[in-house]
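Next comes entry.json, with JSON, C-alpha atoms and all ligand atoms.
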[["chain", "number", "residue", "atom", "x", "y", "z"],
["A", 1, "MET", "CA", 0.00, 0.00, 0.00],
["A", 2, "PRO", "CA", 1.53, 3.40, -0.97],
["A", 3, "LEU", "CA", 2.49, 5.56, 1.99],
["A", 4, "PHE", "CA", 2.41, 9.38, 1.96],
["A", 5, "THR", "CA", 4.34, 10.91, 4.87],
["A", 6, "ILE", "CA", 3.67, 14.64, 5.22],
["A", 7, "LEU", "CA", 6.04, 16.79, 7.29],
["A", 8, "THR", "CA", 4.24, 19.90, 8.50],
["A", 9, "LEU", "CA", 3.94, 22.34, 11.39],
["A", 10, "PHE", "CA", 0.13, 22.12, 11.11],
["A", 11, "PRO", "CA", -0.99, 18.47, 10.99],
["A", 12, "GLU", "CA", -4.43, 19.51, 12.24],
["A", 13, "ALA", "CA", -4.96, 21.50, 9.02],
["A", 14, "LEU", "CA", -4.49, 18.39, 6.86],
["A", 15, "ASP", "CA", -6.54, 15.84, 8.80],
["A", 16, "PRO", "CA", -10.04, 16.99, 7.77],
["A", 17, "TYR", "CA", -9.32, 16.81, 4.03],
["A", 18, "LEU", "CA", -7.73, 13.36, 4.33],
["A", 19, "GLU", "CA", -10.86, 12.10, 6.13],
["A", 20, "VAL", "CA", -13.41, 12.81, 3.40],
["A", 21, "GLY", "CA", -14.34, 11.83, -0.16],
["A", 22, "VAL", "CA", -12.09, 9.76, -2.40],
["A", 23, "LEU", "CA", -9.06, 10.04, -0.08],
["A", 24, "GLY", "CA", -11.02, 9.20, 3.06],
["A", 25, "LEU", "CA", -12.49, 6.11, 1.42],
["A", 26, "ALA", "CA", -9.13, 5.04, -0.02],
["A", 27, "ARG", "CA", -7.55, 5.25, 3.44],
["A", 28, "ARG", "CA", -10.38, 3.32, 5.11],
["A", 29, "ARG", "CA", -10.20, 0.63, 2.43],
["A", 30, "GLY", "CA", -6.43, 0.29, 2.94],
["A", 31, "LEU", "CA", -5.54, 1.43, -0.58],
["A", 32, "ILE", "CA", -3.34, 4.29, 0.61],
["A", 33, "GLU", "CA", -1.77, 5.20, 3.92],
["A", 34, "THR", "CA", -1.03, 8.72, 5.16],
["A", 35, "ARG", "CA", 1.14, 9.79, 8.10],
["A", 36, "LEU", "CA", 1.35, 13.32, 9.41],
["A", 37, "VAL", "CA", 4.59, 14.25, 11.16],
["A", 38, "ASP", "CA", 4.96, 17.54, 13.07],
["A", 39, "PHE", "CA", 8.64, 18.42, 12.58],
["A", 40, "ARG", "CA", 8.42, 20.84, 15.52],
["A", 41, "ASP", "CA", 8.85, 17.70, 17.67],
["A", 42, "TRP", "CA", 12.48, 17.59, 16.43],
["A", 43, "SER", "CA", 13.22, 21.11, 17.70],
["A", 44, "ARG", "CA", 16.16, 21.16, 20.09],
["A", 45, "ASN", "CA", 15.31, 24.27, 22.06],
["A", 46, "ARG", "CA", 12.96, 24.70, 24.98],
["A", 47, "HIS", "CA", 10.69, 27.10, 23.09],
["A", 48, "ARG", "CA", 10.20, 24.43, 20.40],
["A", 49, "SER", "CA", 11.05, 26.99, 17.73],
["A", 50, "VAL", "CA", 12.03, 25.74, 14.26],
["A", 51, "ASP", "CA", 12.88, 29.03, 12.53],
["A", 52, "ASP", "CA", 15.39, 31.85, 12.81],
["A", 53, "ARG", "CA", 16.26, 35.22, 11.26],
["A", 54, "PRO", "CA", 17.84, 35.16, 7.77],
["A", 55, "PHE", "CA", 21.59, 35.66, 7.45],
["A", 56, "GLY", "CA", 22.14, 38.77, 5.34],
["A", 57, "GLY", "CA", 19.06, 40.45, 6.76],
["A", 58, "GLY", "CA", 15.61, 40.85, 5.27],
["A", 59, "PRO", "CA", 12.05, 40.22, 6.37],
["A", 60, "GLY", "CA", 10.56, 37.02, 7.76],
["A", 61, "MET", "CA", 11.97, 33.87, 9.27],
["A", 62, "VAL", "CA", 13.69, 30.84, 7.73],
["A", 63, "LEU", "CA", 13.21, 27.18, 8.68],
["A", 64, "ARG", "CA", 16.37, 25.91, 10.35],
["A", 65, "PRO", "CA", 18.15, 22.94, 8.74],
["A", 66, "GLU", "CA", 18.88, 20.58, 11.66],
["A", 67, "THR", "CA", 15.26, 20.16, 12.77],
["A", 68, "ILE", "CA", 14.05, 19.14, 9.34],
["A", 69, "VAL", "CA", 17.05, 16.99, 8.38],
["A", 70, "GLU", "CA", 16.87, 15.01, 11.64],
["A", 71, "CYS", "CA", 13.12, 14.56, 11.24],
["A", 72, "VAL", "CA", 13.46, 13.30, 7.64],
["A", 73, "GLU", "CA", 16.23, 10.89, 8.70],
["A", 74, "TRP", "CA", 14.01, 9.57, 11.51],
["A", 75, "VAL", "CA", 11.15, 9.04, 9.06],
["A", 76, "ASP", "CA", 13.36, 7.11, 6.63],
["A", 77, "GLN", "CA", 14.75, 4.95, 9.45],
["A", 78, "ASN", "CA", 11.35, 4.19, 10.97],
["A", 79, "TYR", "CA", 9.03, 3.89, 7.98],
["A", 80, "GLY", "CA", 11.55, 2.96, 5.26],
["A", 81, "PRO", "CA", 13.31, 5.12, 2.63],
["A", 82, "HIS", "CA", 11.04, 7.66, 0.94],
["A", 83, "ARG", "CA", 11.09, 9.52, -2.36],
["A", 84, "LYS", "CA", 11.40, 13.10, -1.12],
["A", 85, "LEU", "CA", 9.38, 16.04, -2.43],
["A", 86, "VAL", "CA", 9.47, 19.60, -1.15],
["A", 87, "LEU", "CA", 6.76, 22.12, -1.93],
["A", 88, "CYS", "CA", 8.00, 25.54, -3.03],
["A", 89, "PRO", "CA", 6.89, 28.23, -5.52],
["A", 90, "SER", "CA", 10.25, 27.96, -7.34],
["A", 91, "GLY", "CA", 9.89, 24.22, -7.97],
["A", 92, "VAL", "CA", 9.00, 22.35, -11.17],
["A", 93, "PRO", "CA", 5.33, 23.04, -12.03],
["A", 94, "PHE", "CA", 3.43, 19.92, -10.87],
["A", 95, "GLU", "CA", 1.56, 18.23, -13.73],
["A", 96, "GLN", "CA", -0.55, 15.13, -14.31],
["A", 97, "LYS", "CA", 2.49, 13.32, -15.79],
["A", 98, "HIS", "CA", 4.26, 13.73, -12.42],
["A", 99, "ALA", "CA", 1.21, 12.34, -10.61],
["A", 100, "ALA", "CA", 1.22, 9.32, -12.94],
["A", 101, "GLU", "CA", 4.91, 8.71, -12.30],
["A", 102, "LEU", "CA", 4.58, 9.06, -8.50],
["A", 103, "ALA", "CA", 1.64, 6.63, -8.43],
["A", 104, "SER", "CA", 4.05, 3.70, -8.65],
["A", 105, "ASP", "CA", 6.19, 4.80, -5.69],
["A", 106, "GLU", "CA", 5.95, 2.88, -2.44],
["A", 107, "ARG", "CA", 6.72, 5.78, -0.06],
["A", 108, "ILE", "CA", 6.54, 9.51, -0.74],
["A", 109, "LEU", "CA", 7.59, 12.19, 1.73],
["A", 110, "LEU", "CA", 6.15, 15.69, 1.28],
["A", 111, "LEU", "CA", 7.85, 18.54, 3.11],
["A", 112, "CYS", "CA", 5.65, 21.60, 3.75],
["A", 113, "GLY", "CA", 7.32, 24.97, 4.27],
["A", 114, "ARG", "CA", 6.16, 28.03, 6.20],
["A", 115, "TYR", "CA", 7.46, 31.59, 6.74],
["A", 116, "GLU", "CA", 10.07, 32.61, 4.08],
["A", 117, "GLY", "CA", 10.85, 28.97, 3.36],
["A", 118, "PHE", "CA", 13.82, 26.67, 4.03],
["A", 119, "ASP", "CA", 17.53, 26.96, 4.77],
["A", 120, "GLU", "CA", 18.98, 25.72, 1.44],
["A", 121, "ARG", "CA", 21.45, 23.38, 3.14],
["A", 122, "ILE", "CA", 18.59, 20.95, 3.82],
["A", 123, "PHE", "CA", 18.65, 20.22, 0.08],
["A", 124, "GLU", "CA", 22.44, 20.00, -0.05],
["A", 125, "VAL", "CA", 22.38, 17.31, 2.67],
["A", 126, "LEU", "CA", 19.28, 15.39, 1.48],
["A", 127, "GLY", "CA", 18.12, 14.79, -2.09],
["A", 128, "PHE", "CA", 14.74, 16.46, -2.65],
["A", 129, "GLU", "CA", 12.65, 17.07, -5.78],
["A", 130, "HIS", "CA", 11.16, 20.58, -5.77],
["A", 131, "PHE", "CA", 7.56, 21.02, -6.92],
["A", 132, "SER", "CA", 5.30, 24.05, -7.26],
["A", 133, "ILE", "CA", 1.54, 23.87, -7.71],
["A", 134, "GLY", "CA", 1.33, 27.19, -9.58],
["A", 135, "ASP", "CA", 2.74, 30.65, -10.08],
["A", 136, "PHE", "CA", 1.38, 32.19, -6.90],
["A", 137, "VAL", "CA", 2.50, 32.21, -3.27],
["A", 138, "LEU", "CA", 0.61, 30.51, -0.45],
["A", 139, "SER", "CA", 1.36, 30.80, 3.26],
["A", 140, "GLY", "CA", 2.38, 27.16, 3.57],
["A", 141, "GLY", "CA", 3.02, 23.89, 1.76],
["A", 142, "GLU", "CA", 0.02, 22.10, 3.28],
["A", 143, "LEU", "CA", -2.45, 22.82, 0.46],
["A", 144, "PRO", "CA", 0.14, 21.96, -2.23],
["A", 145, "ALA", "CA", 0.93, 18.68, -0.39],
["A", 146, "LEU", "CA", -2.76, 17.78, -0.30],
["A", 147, "CYS", "CA", -3.04, 18.57, -4.02],
["A", 148, "ILE", "CA", -0.24, 16.13, -4.78],
["A", 149, "VAL", "CA", -1.54, 13.37, -2.47],
["A", 150, "ASP", "CA", -4.99, 13.73, -4.05],
["A", 151, "ALA", "CA", -3.76, 13.79, -7.67],
["A", 152, "VAL", "CA", -1.49, 10.75, -7.13],
["A", 153, "SER", "CA", -4.04, 8.73, -5.14],
["A", 154, "ARG", "CA", -6.68, 9.02, -7.89],
["A", 155, "LEU", "CA", -4.31, 7.07, -10.14],
["A", 156, "ILE", "CA", -3.72, 4.19, -7.72],
["A", 157, "PRO", "CA", -5.68, 1.13, -8.86],
["A", 158, "GLY", "CA", -8.95, 0.69, -6.94],
["A", 159, "VAL", "CA", -9.11, 4.23, -5.52],
["A", 160, "LEU", "CA", -11.72, 5.48, -8.00],
["A", 161, "GLY", "CA", -14.94, 3.49, -8.26],
["A", 162, "ASP", "CA", -14.83, 3.53, -12.06],
["A", 163, "GLU", "CA", -11.29, 3.35, -13.48],
["A", 164, "ARG", "CA", -12.55, 5.16, -16.60],
["A", 165, "SER", "CA", -13.01, 8.34, -14.53],
["A", 166, "ALA", "CA", -9.26, 8.87, -14.28],
["A", 167, "SER", "CA", -8.45, 7.76, -17.81],
["A", 168, "GLU", "CA", -11.01, 10.21, -19.26],
["A", 169, "ASP", "CA", -9.97, 13.13, -17.05],
["A", 170, "SER", "CA", -8.24, 16.24, -18.38],
["A", 171, "PHE", "CA", -4.45, 15.94, -18.89],
["A", 172, "GLN", "CA", -4.48, 12.12, -18.84],
["A", 173, "ASP", "CA", -3.65, 12.23, -22.52],
["A", 174, "GLY", "CA", -1.09, 15.05, -22.81],
["A", 175, "ASP", "CA", -2.69, 18.50, -22.78],
["A", 176, "ASN", "CA", -6.13, 17.23, -23.80],
["A", 177, "LEU", "CA", -9.02, 18.42, -21.64],
["A", 178, "ASP", "CA", -12.22, 16.67, -20.62],
["A", 179, "HIS", "CA", -15.49, 17.40, -22.46],
["A", 180, "PRO", "CA", -18.40, 19.31, -20.80],
["A", 181, "HIS", "CA", -20.80, 17.30, -18.62],
["A", 182, "TYR", "CA", -24.59, 17.59, -18.10],
["A", 183, "THR", "CA", -27.11, 15.89, -15.81],
["A", 184, "ARG", "CA", -30.77, 16.41, -14.78],
["A", 185, "PRO", "CA", -32.80, 18.60, -15.12],
["A", 186, "ARG", "CA", -33.02, 18.76, -18.93],
["A", 187, "VAL", "CA", -33.79, 22.48, -18.72],
["A", 188, "PHE", "CA", -32.26, 24.69, -16.02],
["A", 189, "ARG", "CA", -33.28, 28.37, -15.91],
["A", 190, "GLY", "CA", -33.97, 28.29, -19.63],
["A", 191, "HIS", "CA", -30.68, 26.53, -20.50],
["A", 192, "GLU", "CA", -31.16, 23.19, -22.26],
["A", 193, "VAL", "CA", -28.92, 20.14, -22.27],
["A", 194, "PRO", "CA", -27.45, 19.78, -25.82],
["A", 195, "PRO", "CA", -30.02, 17.58, -27.67],
["A", 196, "ILE", "CA", -27.31, 15.25, -29.03],
["A", 197, "LEU", "CA", -26.78, 13.88, -25.49],
["A", 198, "MET", "CA", -30.42, 12.75, -25.45],
["A", 199, "SER", "CA", -30.29, 11.15, -28.90],
["A", 200, "GLY", "CA", -29.16, 7.69, -27.76],
["A", 201, "ASP", "CA", -26.71, 7.70, -30.70],
["A", 202, "HIS", "CA", -23.49, 6.80, -28.88],
["A", 203, "LYS", "CA", -21.27, 7.22, -31.89],
["A", 204, "ALA", "CA", -22.59, 10.75, -32.44],
["A", 205, "ILE", "CA", -22.31, 11.53, -28.70],
["A", 206, "ASP", "CA", -18.73, 10.35, -28.70],
["A", 207, "ALA", "CA", -17.87, 12.49, -31.73],
["A", 208, "TRP", "CA", -19.58, 15.56, -30.15],
["A", 209, "ARG", "CA", -17.67, 15.10, -26.90],
["A", 210, "LYS", "CA", -14.36, 14.76, -28.73],
["A", 211, "GLU", "CA", -15.09, 17.94, -30.66],
["A", 212, "GLN", "CA", -16.04, 19.84, -27.50],
["A", 213, "ALA", "CA", -12.91, 18.61, -25.71],
["A", 214, "LYS", "CA", -10.78, 19.74, -28.66],
["A", 215, "THR", "CA", -12.35, 23.22, -28.62],
["A", 216, "ARG", "CA", -11.64, 23.55, -24.89],
["A", 217, "THR", "CA", -8.08, 22.32, -25.32],
["A", 218, "ASN", "CA", -7.37, 24.78, -28.15],
["A", 219, "ARG", "CA", -8.92, 27.67, -26.21],
["A", 220, "ARG", "CA", -6.76, 26.91, -23.18],
["A", 221, "GLN", "CA", -3.60, 26.46, -25.23],
["A", 222, "SER", "CA", -4.03, 29.83, -26.91],
["A", 223, "HIS", "CA", -4.51, 31.38, -23.45],
["A", 224, "VAL", "CA", -1.34, 29.70, -22.11],
["A", 225, "SER", "CA", 0.77, 30.74, -25.13],
["A", 226, "GLU", "CA", -0.32, 34.39, -24.69],
["A", 227, "ARG", "CA", 1.37, 34.55, -21.27],
["A", 228, "PRO", "CA", 4.77, 36.28, -21.12],
["A", 229, "THR", "CA", 7.23, 33.71, -19.81],
["A", 230, "GLN", "CA", 9.75, 36.05, -18.18],
["A", 231, "THR", "CA", 10.07, 39.67, -17.13],
["A", 232, "ASN", "CA", 12.99, 41.96, -16.37],
["A", 233, "GLY", "CA", 12.07, 41.98, -12.69],
["A", 234, "ASP", "CA", 10.14, 45.25, -13.01],
["A", 235, "GLY", "CA", 7.20, 43.55, -14.74],
["A", 236, "THR", "CA", 8.37, 44.43, -18.27],
["A", 237, "ALA", "CA", 9.01, 41.76, -20.91],
["A", 238, "PRO", "CA", 12.67, 40.87, -21.70],
["A", 239, "ASP", "CA", 12.50, 42.47, -25.17],
["A", 240, "SER", "CA", 10.80, 45.62, -23.86],
["A", 241, "ASP", "CA", 12.57, 49.01, -24.20],
["A", 242, "ASN", "CA", 11.40, 50.17, -20.75],
["A", 301, "LIG", "C1", 5.24, 32.11, 2.07],
["A", 301, "LIG", "S1", 5.83, 30.68, 1.24],
["A", 301, "LIG", "C2", 7.53, 31.09, 0.97],
["A", 301, "LIG", "C3", 7.71, 31.81, -0.30],
["A", 301, "LIG", "C4", 9.18, 32.04, -0.66],
["A", 301, "LIG", "N1", 9.74, 33.11, 0.12],
["A", 301, "LIG", "C5", 9.24, 32.42, -2.14],
["A", 301, "LIG", "O1", 9.01, 33.57, -2.47],
["A", 301, "LIG", "O2", 9.50, 31.51, -2.96],
["A", 301, "LIG", "C6", 5.89, 29.48, 2.51],
["A", 301, "LIG", "C7", 5.80, 28.05, 2.03],
["A", 301, "LIG", "O3", 4.58, 27.84, 1.34],
["A", 301, "LIG", "C8", 4.73, 26.81, 0.37],
["A", 301, "LIG", "N2", 4.26, 27.34, -0.92],
["A", 301, "LIG", "C9", 3.81, 28.58, -1.16],
["A", 301, "LIG", "N3", 3.42, 28.74, -2.42],
["A", 301, "LIG", "C10", 3.61, 27.55, -3.03],
["A", 301, "LIG", "C11", 3.40, 27.07, -4.35],
["A", 301, "LIG", "N4", 2.93, 27.85, -5.31],
["A", 301, "LIG", "N5", 3.70, 25.79, -4.61],
["A", 301, "LIG", "C12", 4.20, 24.97, -3.66],
["A", 301, "LIG", "N6", 4.43, 25.39, -2.39],
["A", 301, "LIG", "C13", 4.14, 26.64, -2.07],
["A", 301, "LIG", "C14", 6.19, 26.41, 0.39],
["A", 301, "LIG", "O4", 6.33, 25.23, 1.15],
["A", 301, "LIG", "C15", 6.86, 27.60, 1.06],
["A", 301, "LIG", "O5", 8.05, 27.24, 1.72]]

Let me see the structure of the file written as structure tokens.
Amino acid sequence: MPLFTILTLFPEALDPYLEVGVLGLARRRGLIETRLVDFRDWSRNRHRSVDDRPFGGGPGMVLRPETIVECVEWVDQNYGPHRKLVLCPSGVPFEQKHAAELASDERILLLCGRYEGFDERIFEVLGFEHFSIGDFVLSGGELPALCIVDAVSRLIPGVLGDERSASEDSFQDGDNLDHPHYTRPRVFRGHEVPPILMSGDHKAIDAWRKEQAKTRTNRRQSHVSERPTQTNGDGTAPDSDN
């Protein structure tokens, strides 16, 4: 059974999400296992602090290296060696292909940051893969860790009731998106379900869905390609005269 070990300062924030829905059921059925580890327990000082002021000055606090390294080493010794992931905005953008690859791992450790982030020497001492869940900054790595546990778990055999759900999801087949979905009532506030879906003609329905999915995919791709990839640090594009 795949094990997700999440290192966090706020285990109580993760528990409720892991209890419900697909993940809750998967845990109760023994298809995945999750362990929450509060790395504050590895703090060596009497105030149980895990952070300190940054060398070189600047705002905020930085997570000290020894607390986290000793905690990770304890986890590996007690639960077995883990593949190690750290959540950070500067990491590789997490995609469905990463979820698919992680789904075959036996043990995954997810390290959640807080404050300004981590002392870099943690990653010089221990091998970590860095992942971001998007180009924005959150207050902690807990939500990103839950995103990864959720995305990976959906791909573990038996977790979803109908295996087709995952295989037909967006991004399962490269950049391709899912088609639109409709259910009862047939008319909602004057908006009708597309008649083709009521035709009973499964070949035609399949073709319509493929077409709709293609339109969505193209629309999204044109939106993504319109984004500037880099700026000069003052918000201007690299080839701008400003
Ligand atoms: C306030 S953030 C630190 C931001 C850091 N100073 C920076 O600008 O890159 C605190 C923690 O939240 C998590 N975090 C925030 N945004 C994230 C994102 N987009 N993806 C993954 N983790 C994120 C990381 O674990 C990070 O260490």

- Query: Neighbours of segment 118-128 of chain A within 8 Å (only C-alpha atoms; same-chain residues fewer than 4 positions away dropped), as a VMD selection string?
  - Reply: chain A and resid 62 to 66 68 to 69 83 to 86 113

- Task: Point out the residue among A:Gln77, A:Asn176, A:Thr34, A:Thr183 with the least atom-to-atom distance to Met198 of chain A, counting all atoms listed in the file.
- Result: A:Thr183

- Query: Hey, what's within 10 Å of Phe171 of chain A if we count only C-alpha atoms and toss same-chain stuff fewer than 5 positions away? As a list in words, please?
  - Reply: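 Near Phe171 of chain A, the qualifying residues are Glu95, Gln96, Lys97, Ala166, Asn176, Leu177, Asp178 and Thr217 of chain A.
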
- Message: Taking all atoms listed in the file into account, name the residue in A:Leu109, A:His179, A:Ser225, A:Leu25 that is nearest to Arg209 of chain A.
- Response: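 Once distances to Arg209 of chain A are computed over all atoms listed in the file, the minimum belongs to A:His179.
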
Residues of chain A that have any atom at most 8 Å from an atom of ligand LIG 301 (chain A): could you tabulate them with the shortest-distance atom pair and the distance in Å to one decimal, using all atoms listed in the file, ordered by chain and increasing number, as JSON lines?
{"residue": "A:Val86", "atom": "CA", "partner": "A:LIG301", "partner_atom": "O4", "distance": 6.8}
{"residue": "A:Leu87", "atom": "CA", "partner": "A:LIG301", "partner_atom": "N6", "distance": 4.0}
{"residue": "A:Cys88", "atom": "CA", "partner": "A:LIG301", "partner_atom": "N6", "distance": 3.6}
{"residue": "A:Pro89", "atom": "CA", "partner": "A:LIG301", "partner_atom": "C11", "distance": 3.9}
{"residue": "A:Ser90", "atom": "CA", "partner": "A:LIG301", "partner_atom": "O2", "distance": 5.7}
{"residue": "A:Gly91", "atom": "CA", "partner": "A:LIG301", "partner_atom": "C12", "distance": 7.2}
{"residue": "A:Leu111", "atom": "CA", "partner": "A:LIG301", "partner_atom": "O4", "distance": 7.1}
{"residue": "A:Cys112", "atom": "CA", "partner": "A:LIG301", "partner_atom": "O4", "distance": 4.5}
{"residue": "A:Gly113", "atom": "CA", "partner": "A:LIG301", "partner_atom": "O4", "distance": 3.3}
{"residue": "A:Arg114", "atom": "CA", "partner": "A:LIG301", "partner_atom": "C6", "distance": 4.0}
{"residue": "A:Tyr115", "atom": "CA", "partner": "A:LIG301", "partner_atom": "C6", "distance": 5.0}
{"residue": "A:Glu116", "atom": "CA", "partner": "A:LIG301", "partner_atom": "N1", "distance": 4.0}
{"residue": "A:Gly117", "atom": "CA", "partner": "A:LIG301", "partner_atom": "O5", "distance": 3.7}
{"residue": "A:Phe118", "atom": "CA", "partner": "A:LIG301", "partner_atom": "O5", "distance": 6.2}
{"residue": "A:Phe131", "atom": "CA", "partner": "A:LIG301", "partner_atom": "C12", "distance": 6.1}
{"residue": "A:Ser132", "atom": "CA", "partner": "A:LIG301", "partner_atom": "N5", "distance": 3.6}
{"residue": "A:Ile133", "atom": "CA", "partner": "A:LIG301", "partner_atom": "N5", "distance": 4.2}
{"residue": "A:Gly134", "atom": "CA", "partner": "A:LIG301", "partner_atom": "N4", "distance": 4.6}
{"residue": "A:Asp135", "atom": "CA", "partner": "A:LIG301", "partner_atom": "N4", "distance": 5.5}
{"residue": "A:Phe136", "atom": "CA", "partner": "A:LIG301", "partner_atom": "N4", "distance": 4.9}
{"residue": "A:Val137", "atom": "CA", "partner": "A:LIG301", "partner_atom": "N3", "distance": 3.7}
{"residue": "A:Leu138", "atom": "CA", "partner": "A:LIG301", "partner_atom": "C9", "distance": 3.8}
{"residue": "A:Ser139", "atom": "CA", "partner": "A:LIG301", "partner_atom": "C1", "distance": 4.3}
{"residue": "A:Gly140", "atom": "CA", "partner": "A:LIG301", "partner_atom": "O3", "distance": 3.2}
{"residue": "A:Gly141", "atom": "CA", "partner": "A:LIG301", "partner_atom": "O4", "distance": 3.6}
{"residue": "A:Glu142", "atom": "CA", "partner": "A:LIG301", "partner_atom": "C8", "distance": 7.3}
{"residue": "A:Leu143", "atom": "CA", "partner": "A:LIG301", "partner_atom": "N6", "distance": 7.9}
{"residue": "A:Pro144", "atom": "CA", "partner": "A:LIG301", "partner_atom": "C12", "distance": 5.3}
{"residue": "A:Ala145", "atom": "CA", "partner": "A:LIG301", "partner_atom": "C12", "distance": 7.8}

- Query: What separation in Å, quoted to one decimal, exists between atom CA of Ile205 of chain A and atom CA of Arg154 of chain A?
  - Reply: 26.1 Å

- In terms of the shortest atom-to-atom distance over all atoms listed in the file, which of A:Asp41, A:Asp52, A:Asp76, A:Asp173 is closest to Ala100 of chain A? A:Asp173

- Message: What does the structure give for the distance between atom CA of Val92 of chain A and atom CA of Gly158 of chain A, in Å to one decimal?
- Response: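 Interatomic distance, atom CA of Val92 of chain A to atom CA of Gly158 of chain A: 28.4 Å.
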
- Task: Give me the residues within 12 Å of Val22 of chain A as number ranges by chain, counting all atoms listed in the file and dropping any in the same chain fewer than 6 places off.
- Result: A: 28-29, 31-32, 149-156, 158-162

- Message: Ranking A:His191, A:His202, A:Arg48, A:Lys214 by minimum distance to Asp175 of chain A and counting only C-alpha atoms, which one comes first?
- Response: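 Closest to Asp175 of chain A of all the choices is A:Lys214.
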
- Message: Just the number, please: distance in Å from atom CA of Cys147 of chain A to atom CA of Leu14 of chain A, one decimal.
- Response: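 Spanning atom CA of Cys147 of chain A to atom CA of Leu14 of chain A is a straight-line distance of 11.0 Å.
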